[in-house]
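target_32.csv, holding CSV, C-alpha atoms:
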```csv
chain,number,residue,atom,x,y,z
A,752,MET,CA,42.7,-90.8,-8.0
A,753,LYS,CA,39.3,-92.1,-7.0
A,754,GLU,CA,36.5,-91.2,-9.3
A,755,ASN,CA,33.4,-89.4,-8.1
A,756,THR,CA,30.4,-91.7,-8.0
A,757,ILE,CA,26.7,-91.0,-8.2
A,758,PRO,CA,24.4,-92.8,-5.8
A,759,PRO,CA,22.0,-95.3,-7.4
A,760,THR,CA,18.6,-93.7,-8.1
A,761,ARG,CA,15.1,-94.8,-8.6
A,762,ASN,CA,12.8,-92.4,-10.5
A,763,GLY,CA,15.6,-89.9,-10.3
A,764,VAL,CA,15.8,-89.9,-6.4
A,765,ALA,CA,19.0,-91.0,-4.7
A,766,GLU,CA,18.6,-94.1,-2.5
A,767,GLY,CA,20.5,-94.6,0.8
A,768,PRO,CA,22.0,-98.0,1.8
A,769,GLY,CA,19.1,-98.8,4.2
A,770,ASP,CA,16.2,-97.6,2.1
A,771,THR,CA,13.6,-100.1,0.8
A,772,GLY,CA,10.6,-99.5,-1.4
A,773,ASP,CA,10.1,-96.5,-3.7
A,774,VAL,CA,10.4,-92.9,-2.6
A,775,ALA,CA,6.6,-92.5,-2.1
A,776,ASP,CA,6.6,-95.4,0.4
A,777,ARG,CA,9.5,-94.0,2.3
A,778,ILE,CA,8.2,-90.5,2.5
A,779,ALA,CA,4.7,-91.8,3.6
A,780,ARG,CA,6.3,-94.0,6.3
A,781,ARG,CA,8.3,-91.1,7.7
A,782,ALA,CA,5.3,-88.9,7.7
A,783,LEU,CA,3.2,-91.5,9.5
A,784,ALA,CA,6.0,-92.0,12.1
A,785,ARG,CA,6.1,-88.2,12.8
A,786,ARG,CA,2.3,-88.0,13.0
A,787,GLY,CA,2.2,-91.0,15.4
A,788,ALA,CA,4.7,-89.5,17.7
A,789,HIS,CA,2.9,-86.2,17.6
A,790,TYR,CA,-0.5,-87.8,18.4
A,791,ALA,CA,1.0,-89.8,21.2
A,792,SER,CA,2.3,-86.6,22.8
A,793,GLU,CA,-1.1,-85.0,22.4
A,794,VAL,CA,-2.8,-88.0,24.2
A,795,ARG,CA,-0.3,-87.9,27.0
A,796,ALA,CA,-0.8,-84.1,27.4
A,797,LEU,CA,-4.6,-84.6,27.6
A,798,LEU,CA,-4.3,-87.5,30.1
A,799,ASP,CA,-2.0,-85.6,32.4
A,800,ALA,CA,-3.9,-82.3,32.2
A,801,ALA,CA,-7.3,-84.1,32.8
A,802,LEU,CA,-5.8,-85.8,35.9
A,803,GLU,CA,-4.5,-82.5,37.3
A,804,VAL,CA,-7.8,-80.7,36.6
A,805,MET,CA,-9.8,-83.5,38.2
A,806,ARG,CA,-7.5,-83.5,41.3
A,807,ARG,CA,-8.0,-79.7,41.6
A,808,CYS,CA,-11.8,-80.0,41.3
A,809,GLY,CA,-12.0,-83.0,43.7
A,810,THR,CA,-15.5,-84.2,44.3
A,811,ALA,CA,-17.0,-80.7,44.1
A,812,SER,CA,-17.3,-80.3,40.4
A,813,ARG,CA,-16.6,-82.2,37.2
A,814,PRO,CA,-14.2,-80.5,34.7
A,815,ARG,CA,-15.4,-79.5,31.3
A,816,VAL,CA,-13.6,-80.4,28.1
A,817,ALA,CA,-12.7,-76.8,27.6
A,818,GLU,CA,-10.9,-76.7,30.9
A,819,ILE,CA,-8.9,-79.9,30.1
A,820,VAL,CA,-7.8,-78.7,26.6
A,821,THR,CA,-6.8,-75.3,28.0
A,822,ALA,CA,-4.7,-77.0,30.7
A,823,ALA,CA,-3.1,-79.3,28.0
A,824,GLY,CA,-2.4,-76.3,25.7
A,825,LEU,CA,-4.4,-78.0,22.9
A,826,SER,CA,-7.6,-77.4,21.1
A,827,ASN,CA,-11.1,-79.1,21.0
A,828,GLU,CA,-10.1,-80.5,17.7
A,829,ALA,CA,-7.1,-82.3,19.2
A,830,PHE,CA,-9.3,-83.6,22.0
A,831,TYR,CA,-11.9,-85.1,19.7
A,832,ARG,CA,-9.3,-86.5,17.4
A,833,HIS,CA,-8.4,-89.0,20.2
A,834,PHE,CA,-11.5,-89.2,22.4
A,835,ARG,CA,-15.2,-89.4,21.4
A,836,SER,CA,-16.3,-87.9,24.7
A,837,LYS,CA,-15.1,-87.0,28.1
A,838,ASP,CA,-16.4,-90.4,29.3
A,839,ALA,CA,-13.8,-92.0,27.0
A,840,LEU,CA,-11.1,-89.8,28.4
A,841,VAL,CA,-12.0,-90.7,32.0
A,842,ALA,CA,-11.9,-94.4,31.1
A,843,ALA,CA,-8.4,-93.9,29.5
A,844,ILE,CA,-7.2,-92.2,32.7
A,845,MET,CA,-8.4,-95.2,34.8
A,846,GLU,CA,-6.6,-97.6,32.5
A,847,ASP,CA,-3.5,-95.5,32.4
A,848,GLY,CA,-3.4,-95.2,36.2
A,849,ALA,CA,-3.9,-98.9,36.7
A,850,GLU,CA,-1.2,-99.8,34.3
A,851,ARG,CA,1.3,-97.4,36.0
A,852,LEU,CA,0.4,-98.8,39.4
A,853,CYS,CA,0.8,-102.4,38.0
A,854,GLY,CA,4.3,-101.4,36.9
A,855,TYR,CA,5.2,-100.1,40.3
A,856,ILE,CA,3.7,-103.1,42.1
A,857,THR,CA,5.5,-105.6,39.9
A,858,HIS,CA,8.8,-103.8,40.6
A,859,GLN,CA,8.2,-104.0,44.3
A,860,MET,CA,7.2,-107.7,44.2
A,861,ALA,CA,10.4,-108.6,42.4
A,862,LYS,CA,12.3,-107.6,45.5
A,863,GLU,CA,10.8,-110.5,47.5
A,864,PRO,CA,12.1,-114.1,47.2
A,865,THR,CA,8.9,-115.8,48.6
A,866,PRO,CA,5.4,-115.8,47.2
A,867,GLU,CA,4.1,-114.8,50.6
A,868,GLY,CA,6.3,-111.7,50.5
A,869,LYS,CA,5.2,-110.9,47.0
A,870,VAL,CA,1.6,-111.0,48.1
A,871,ARG,CA,2.3,-108.6,50.9
A,872,ARG,CA,4.1,-106.2,48.5
A,873,TRP,CA,1.1,-106.4,46.2
A,874,VAL,CA,-1.2,-105.4,49.0
A,875,GLU,CA,1.0,-102.6,50.1
A,876,GLY,CA,1.2,-101.4,46.5
A,877,VAL,CA,-2.5,-101.3,46.0
A,878,LEU,CA,-3.1,-99.5,49.3
A,879,SER,CA,-0.4,-97.0,48.6
A,880,GLN,CA,-3.0,-95.1,46.5
A,881,ALA,CA,-4.5,-94.0,49.8
A,882,MET,CA,-1.3,-93.5,51.8
A,883,ASP,CA,-0.2,-90.2,50.3
A,884,GLU,CA,-2.6,-87.2,50.5
A,885,GLU,CA,-2.0,-85.9,47.0
A,886,THR,CA,-2.2,-89.4,45.4
A,887,ALA,CA,-5.3,-90.2,47.4
A,888,ALA,CA,-7.0,-87.0,46.3
A,889,ALA,CA,-6.3,-87.6,42.7
A,890,THR,CA,-7.4,-91.2,42.8
A,891,LEU,CA,-10.6,-90.3,44.6
A,892,ALA,CA,-11.3,-87.5,42.1
A,893,VAL,CA,-10.9,-89.9,39.1
A,894,MET,CA,-13.1,-92.5,40.9
A,895,TRP,CA,-15.8,-89.9,41.4
A,896,ASN,CA,-15.7,-88.8,37.8
A,897,ALA,CA,-15.7,-92.4,36.6
A,898,GLN,CA,-18.7,-93.4,38.6
A,899,SER,CA,-20.7,-90.5,37.2
A,900,VAL,CA,-20.2,-91.7,33.6
A,901,GLY,CA,-20.7,-95.4,34.1
A,902,GLU,CA,-17.0,-96.3,34.1
A,903,GLY,CA,-16.9,-97.1,37.8
A,904,PHE,CA,-13.7,-97.9,39.7
A,905,LEU,CA,-14.5,-101.6,39.7
A,906,ALA,CA,-16.0,-101.5,36.2
A,907,GLY,CA,-14.4,-101.9,32.8
A,908,PRO,CA,-13.2,-103.1,30.4
A,909,PRO,CA,-10.5,-103.2,31.5
A,910,SER,CA,-11.2,-102.7,35.1
A,911,ALA,CA,-8.6,-101.4,37.6
A,912,ALA,CA,-9.1,-104.6,39.6
A,913,GLY,CA,-8.7,-106.8,36.5
A,914,LEU,CA,-5.4,-105.1,35.6
A,915,LEU,CA,-4.1,-105.2,39.2
A,916,ALA,CA,-4.9,-109.0,39.4
A,917,VAL,CA,-2.3,-109.8,36.8
A,918,PRO,CA,0.9,-109.6,39.0
A,919,LEU,CA,-0.9,-111.6,41.7
A,920,ARG,CA,-1.3,-114.7,39.5
A,921,ALA,CA,2.3,-116.0,39.6
A,922,PRO,CA,2.6,-116.0,43.5
A,923,TYR,CA,-0.8,-117.6,43.8
A,924,ALA,CA,0.2,-120.3,41.4
A,925,GLU,CA,3.4,-120.8,43.4
A,926,LEU,CA,1.3,-121.1,46.6
A,927,GLY,CA,-0.7,-123.9,45.1
A,928,SER,CA,-3.8,-122.1,43.9
A,929,GLU,CA,-6.1,-124.4,41.9
A,930,ASN,CA,-7.2,-121.5,39.8
A,931,PRO,CA,-4.7,-118.6,40.0
A,932,ASP,CA,-6.5,-116.4,37.5
A,933,LEU,CA,-9.8,-116.6,39.4
A,934,ASP,CA,-8.3,-116.4,42.8
A,935,ALA,CA,-6.2,-113.4,41.9
A,936,SER,CA,-9.2,-111.7,40.4
A,937,LEU,CA,-11.3,-112.2,43.5
A,938,ALA,CA,-8.5,-111.0,45.8
A,939,ALA,CA,-7.9,-107.9,43.6
A,940,HIS,CA,-11.6,-106.9,43.5
A,941,ALA,CA,-11.8,-107.3,47.3
A,942,THR,CA,-8.6,-105.3,47.9
A,943,VAL,CA,-9.5,-102.6,45.4
A,944,GLY,CA,-12.9,-102.3,47.0
A,945,ARG,CA,-11.3,-101.8,50.4
A,946,LEU,CA,-9.0,-99.2,48.8
A,947,ALA,CA,-12.1,-97.4,47.6
A,948,ASP,CA,-13.5,-97.4,51.1
A,949,HIS,CA,-10.4,-95.8,52.5
A,950,LEU,CA,-10.4,-93.2,49.8
A,951,TRP,CA,-14.0,-92.2,50.4
A,952,GLN,CA,-13.5,-92.1,54.1
A,953,ARG,CA,-10.3,-90.1,53.7
A,954,ARG,CA,-8.7,-92.6,56.0
A,955,ARG,CA,-5.1,-93.7,55.5
A,956,PRO,CA,-4.6,-97.5,55.7
A,957,THR,CA,-2.6,-98.6,58.8
A,958,GLY,CA,0.0,-101.4,59.2
A,959,ALA,CA,-2.8,-103.4,60.8
A,960,ASP,CA,-4.9,-103.0,57.7
A,961,VAL,CA,-2.1,-104.2,55.5
A,962,ASP,CA,-1.5,-107.2,57.7
A,963,HIS,CA,-5.2,-108.1,57.8
A,964,ILE,CA,-5.7,-107.9,54.0
A,965,THR,CA,-2.5,-109.8,53.4
A,966,ARG,CA,-3.7,-112.6,55.6
A,967,PHE,CA,-7.0,-112.6,53.8
A,968,CYS,CA,-5.3,-112.8,50.4
A,969,LEU,CA,-3.1,-115.6,51.5
A,970,ARG,CA,-6.0,-117.6,53.0
A,971,THR,CA,-7.6,-117.4,49.6
A,972,VAL,CA,-5.1,-120.0,48.4
A,973,THR,CA,-3.7,-121.7,51.5
A,974,HIS,CA,-7.1,-122.9,52.8
A,975,GLN,CA,-8.2,-124.4,49.4
A,976,GLY,CA,-9.5,-127.9,49.8
A,977,ALA,CA,-10.2,-127.6,53.5
A,978,CYS,CA,-14.0,-127.8,53.0
A,979,GLU,CA,-13.9,-130.8,50.7
```
Mind turning the file's structure into structure tokens?
Amino acid sequence: MKENTIPPTRNGVAEGPGDTGDVADRIARRALARRGAHYASEVRALLDAALEVMRRCGTASRPRVAEIVTAAGLSNEAFYRHFRSKDALVAAIMEDGAERLCGYITHQMAKEPTPEGKVRRWVEGVLSQAMDEETAAATLAVMWNAQSVGEGFLAGPPSAAGLLAVPLRAPYAELGSENPDLDASLAAHATVGRLADHLWQRRRPTGADVDHITRFCLRTVTHQGACE
């Protein structure tokens, strides 16, 4: 008959097979992990709520912190735990949106076997922000709020254009760019600037717009050295 055994203990507390350190360390790590997950959910709720409130207000008025925390179901204390001001929140929304768009664009570019095709997919992805009425309204509202607090659509750090330039570097290098980082940055700033024009004018980009901007972005690298 197998005898009952008692788990090894340290300071009188049973240890599991995967535990390391003393009980105080383990409890502290678990508490920090739970707090980190809770704080991340708070930040996401604030970002999503602020975006929705800004979209609703459009360019007619700027939402107050009280409106944002109410929409998020949180408190002012939770807001200022993560953001020193509404300006900081707007900057975070800009960065979050640019990162999401980068993920979408990178996925679309991966479908193309040629660098030329990847560049076109990149242009289509950037201009997609002005294609759908709801997306365009939200992007314009964020842009409008960002300009009012000195975190303009083309400003940073990190700027929307700076983040969006990243997936353009590889196809530019493949096309023979002498400086893929700089060329991608210049093309991204030009294209994002054109996107801003479409948003302000409430004008959806056409296929001809996509074609023209794609040719411009390709000429950036294919004509290098022609003036030497």
Quick one: everything within 10 Å of A:Gln859, counting all atoms listed in the file, minus sequence neighbours fewer than 2 positions away in the same chain. Send it as a PyMOL selection string. chain A and resi 853-857+861-863+869+871-873+875-876
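Taking atom CA of A:Gln880 and atom CA of A:Glu850 as endpoints, the distance between them is 13.2 Å.
Residues lying within 10 Å of A:Thr810, counting all atoms listed in the file and ignoring same-chain neighbours fewer than 3 positions away, are Met805, Arg806, Arg807, Arg813, Ala888, Ala889, Leu891, Ala892, Val893, Met894, Trp895 and Asn896 of chain A.
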Which value, in Å to one decimal, gives the distance between atom CA of A:Pro922 and atom CA of A:Val870?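 Going from atom CA of A:Pro922 over to atom CA of A:Val870, I get 6.9 Å.
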Compile the contact shell of stretch 966-971 of chain A as a PDB file with C-alpha atoms, in the coordinates of the input: residues with an atom at most 8 Å away, counting all atoms listed in the file, same-chain residues fewer than 2 positions apart removed.
```
ATOM      1  CA  GLU A 867       4.100-114.800  50.600  1.00  0.00           C
ATOM      2  CA  VAL A 870       1.600-111.000  48.100  1.00  0.00           C
ATOM      3  CA  ASP A 934      -8.300-116.400  42.800  1.00  0.00           C
ATOM      4  CA  ALA A 938      -8.500-111.000  45.800  1.00  0.00           C
ATOM      5  CA  ASP A 962      -1.500-107.200  57.700  1.00  0.00           C
ATOM      6  CA  HIS A 963      -5.200-108.100  57.800  1.00  0.00           C
ATOM      7  CA  ILE A 964      -5.700-107.900  54.000  1.00  0.00           C
ATOM      8  CA  THR A 973      -3.700-121.700  51.500  1.00  0.00           C
ATOM      9  CA  HIS A 974      -7.100-122.900  52.800  1.00  0.00           C
ATOM     10  CA  GLN A 975      -8.200-124.400  49.400  1.00  0.00           C
TER      11      GLN A 975
END
```
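Distance annotation: of A:Ala911, A:Ala788, A:Leu878, A:Met860, the residue with the minimal separation from A:Ile844 is A:Ala911; atom set is only C-alpha atoms.
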Long-range neighbours of stretch 929-931 of chain A as a list in words, 9 Å cut-off, all atoms listed in the file, 4 positions minimum in chain: Leu919, Arg920, Ala921, Pro922, Tyr923, Ala924, Ala935, Ser936, Val972 and Gln975 of chain A
Suppose we keep C-alpha atoms; can you now write the selection as a PDB file, in the frame of the given file?
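Saved as selection-v2.pdb:
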```
ATOM      1  CA  LEU A 919      -0.900-111.600  41.700  1.00  0.00           C
ATOM      2  CA  ARG A 920      -1.300-114.700  39.500  1.00  0.00           C
ATOM      3  CA  ALA A 921       2.300-116.000  39.600  1.00  0.00           C
ATOM      4  CA  PRO A 922       2.600-116.000  43.500  1.00  0.00           C
ATOM      5  CA  TYR A 923      -0.800-117.600  43.800  1.00  0.00           C
ATOM      6  CA  ALA A 924       0.200-120.300  41.400  1.00  0.00           C
ATOM      7  CA  ALA A 935      -6.200-113.400  41.900  1.00  0.00           C
ATOM      8  CA  SER A 936      -9.200-111.700  40.400  1.00  0.00           C
ATOM      9  CA  VAL A 972      -5.100-120.000  48.400  1.00  0.00           C
ATOM     10  CA  GLN A 975      -8.200-124.400  49.400  1.00  0.00           C
TER      11      GLN A 975
END
```
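With atom CA of A:Trp951 on one side and atom CA of A:Thr821 on the other, the separation reads 29.0 Å.
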Using only C-alpha atoms, which residues sit within 8 Å of A:Glu846 once same-chain residues fewer than 3 positions away are excluded, as a list in words?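 Near neighbours after the sequence-gap exclusion: Ala842, Ala843, Ala849, Glu850, Pro909, Ser910 and Ala911 of chain A.
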Nearest residue to A:Ala881 from the set A:Ala959, A:Val943, A:Ala796, A:Leu950 (distances using all atoms listed in the file):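 Of the candidates, the smallest distance to A:Ala881 is held by A:Leu950.
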With only C-alpha atoms as the atoms that count, which of A:Val774, A:Leu840, A:Ala782, A:Ala811 lies nearest to A:Arg795?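 Closest candidate: A:Leu840.
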Have a look at A:His940, A:His833, A:Arg954, A:Arg851 and name the one nearest to A:Val874; count all atoms listed in the file.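 The shortest atom-to-atom distance to A:Val874 comes from A:His940.
With distances taken over all atoms listed in the file, A:Ala887 is the one residue among A:Leu852, A:Ala887, A:Ala784, A:Ala839 lying closest to A:Gly809.
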Given all atoms listed in the file as the counted atoms, nearest of A:Ala897, A:Leu926, A:Leu802, A:Ala912 to A:Val820: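 The shortest atom-to-atom distance to A:Val820 comes from A:Leu802.
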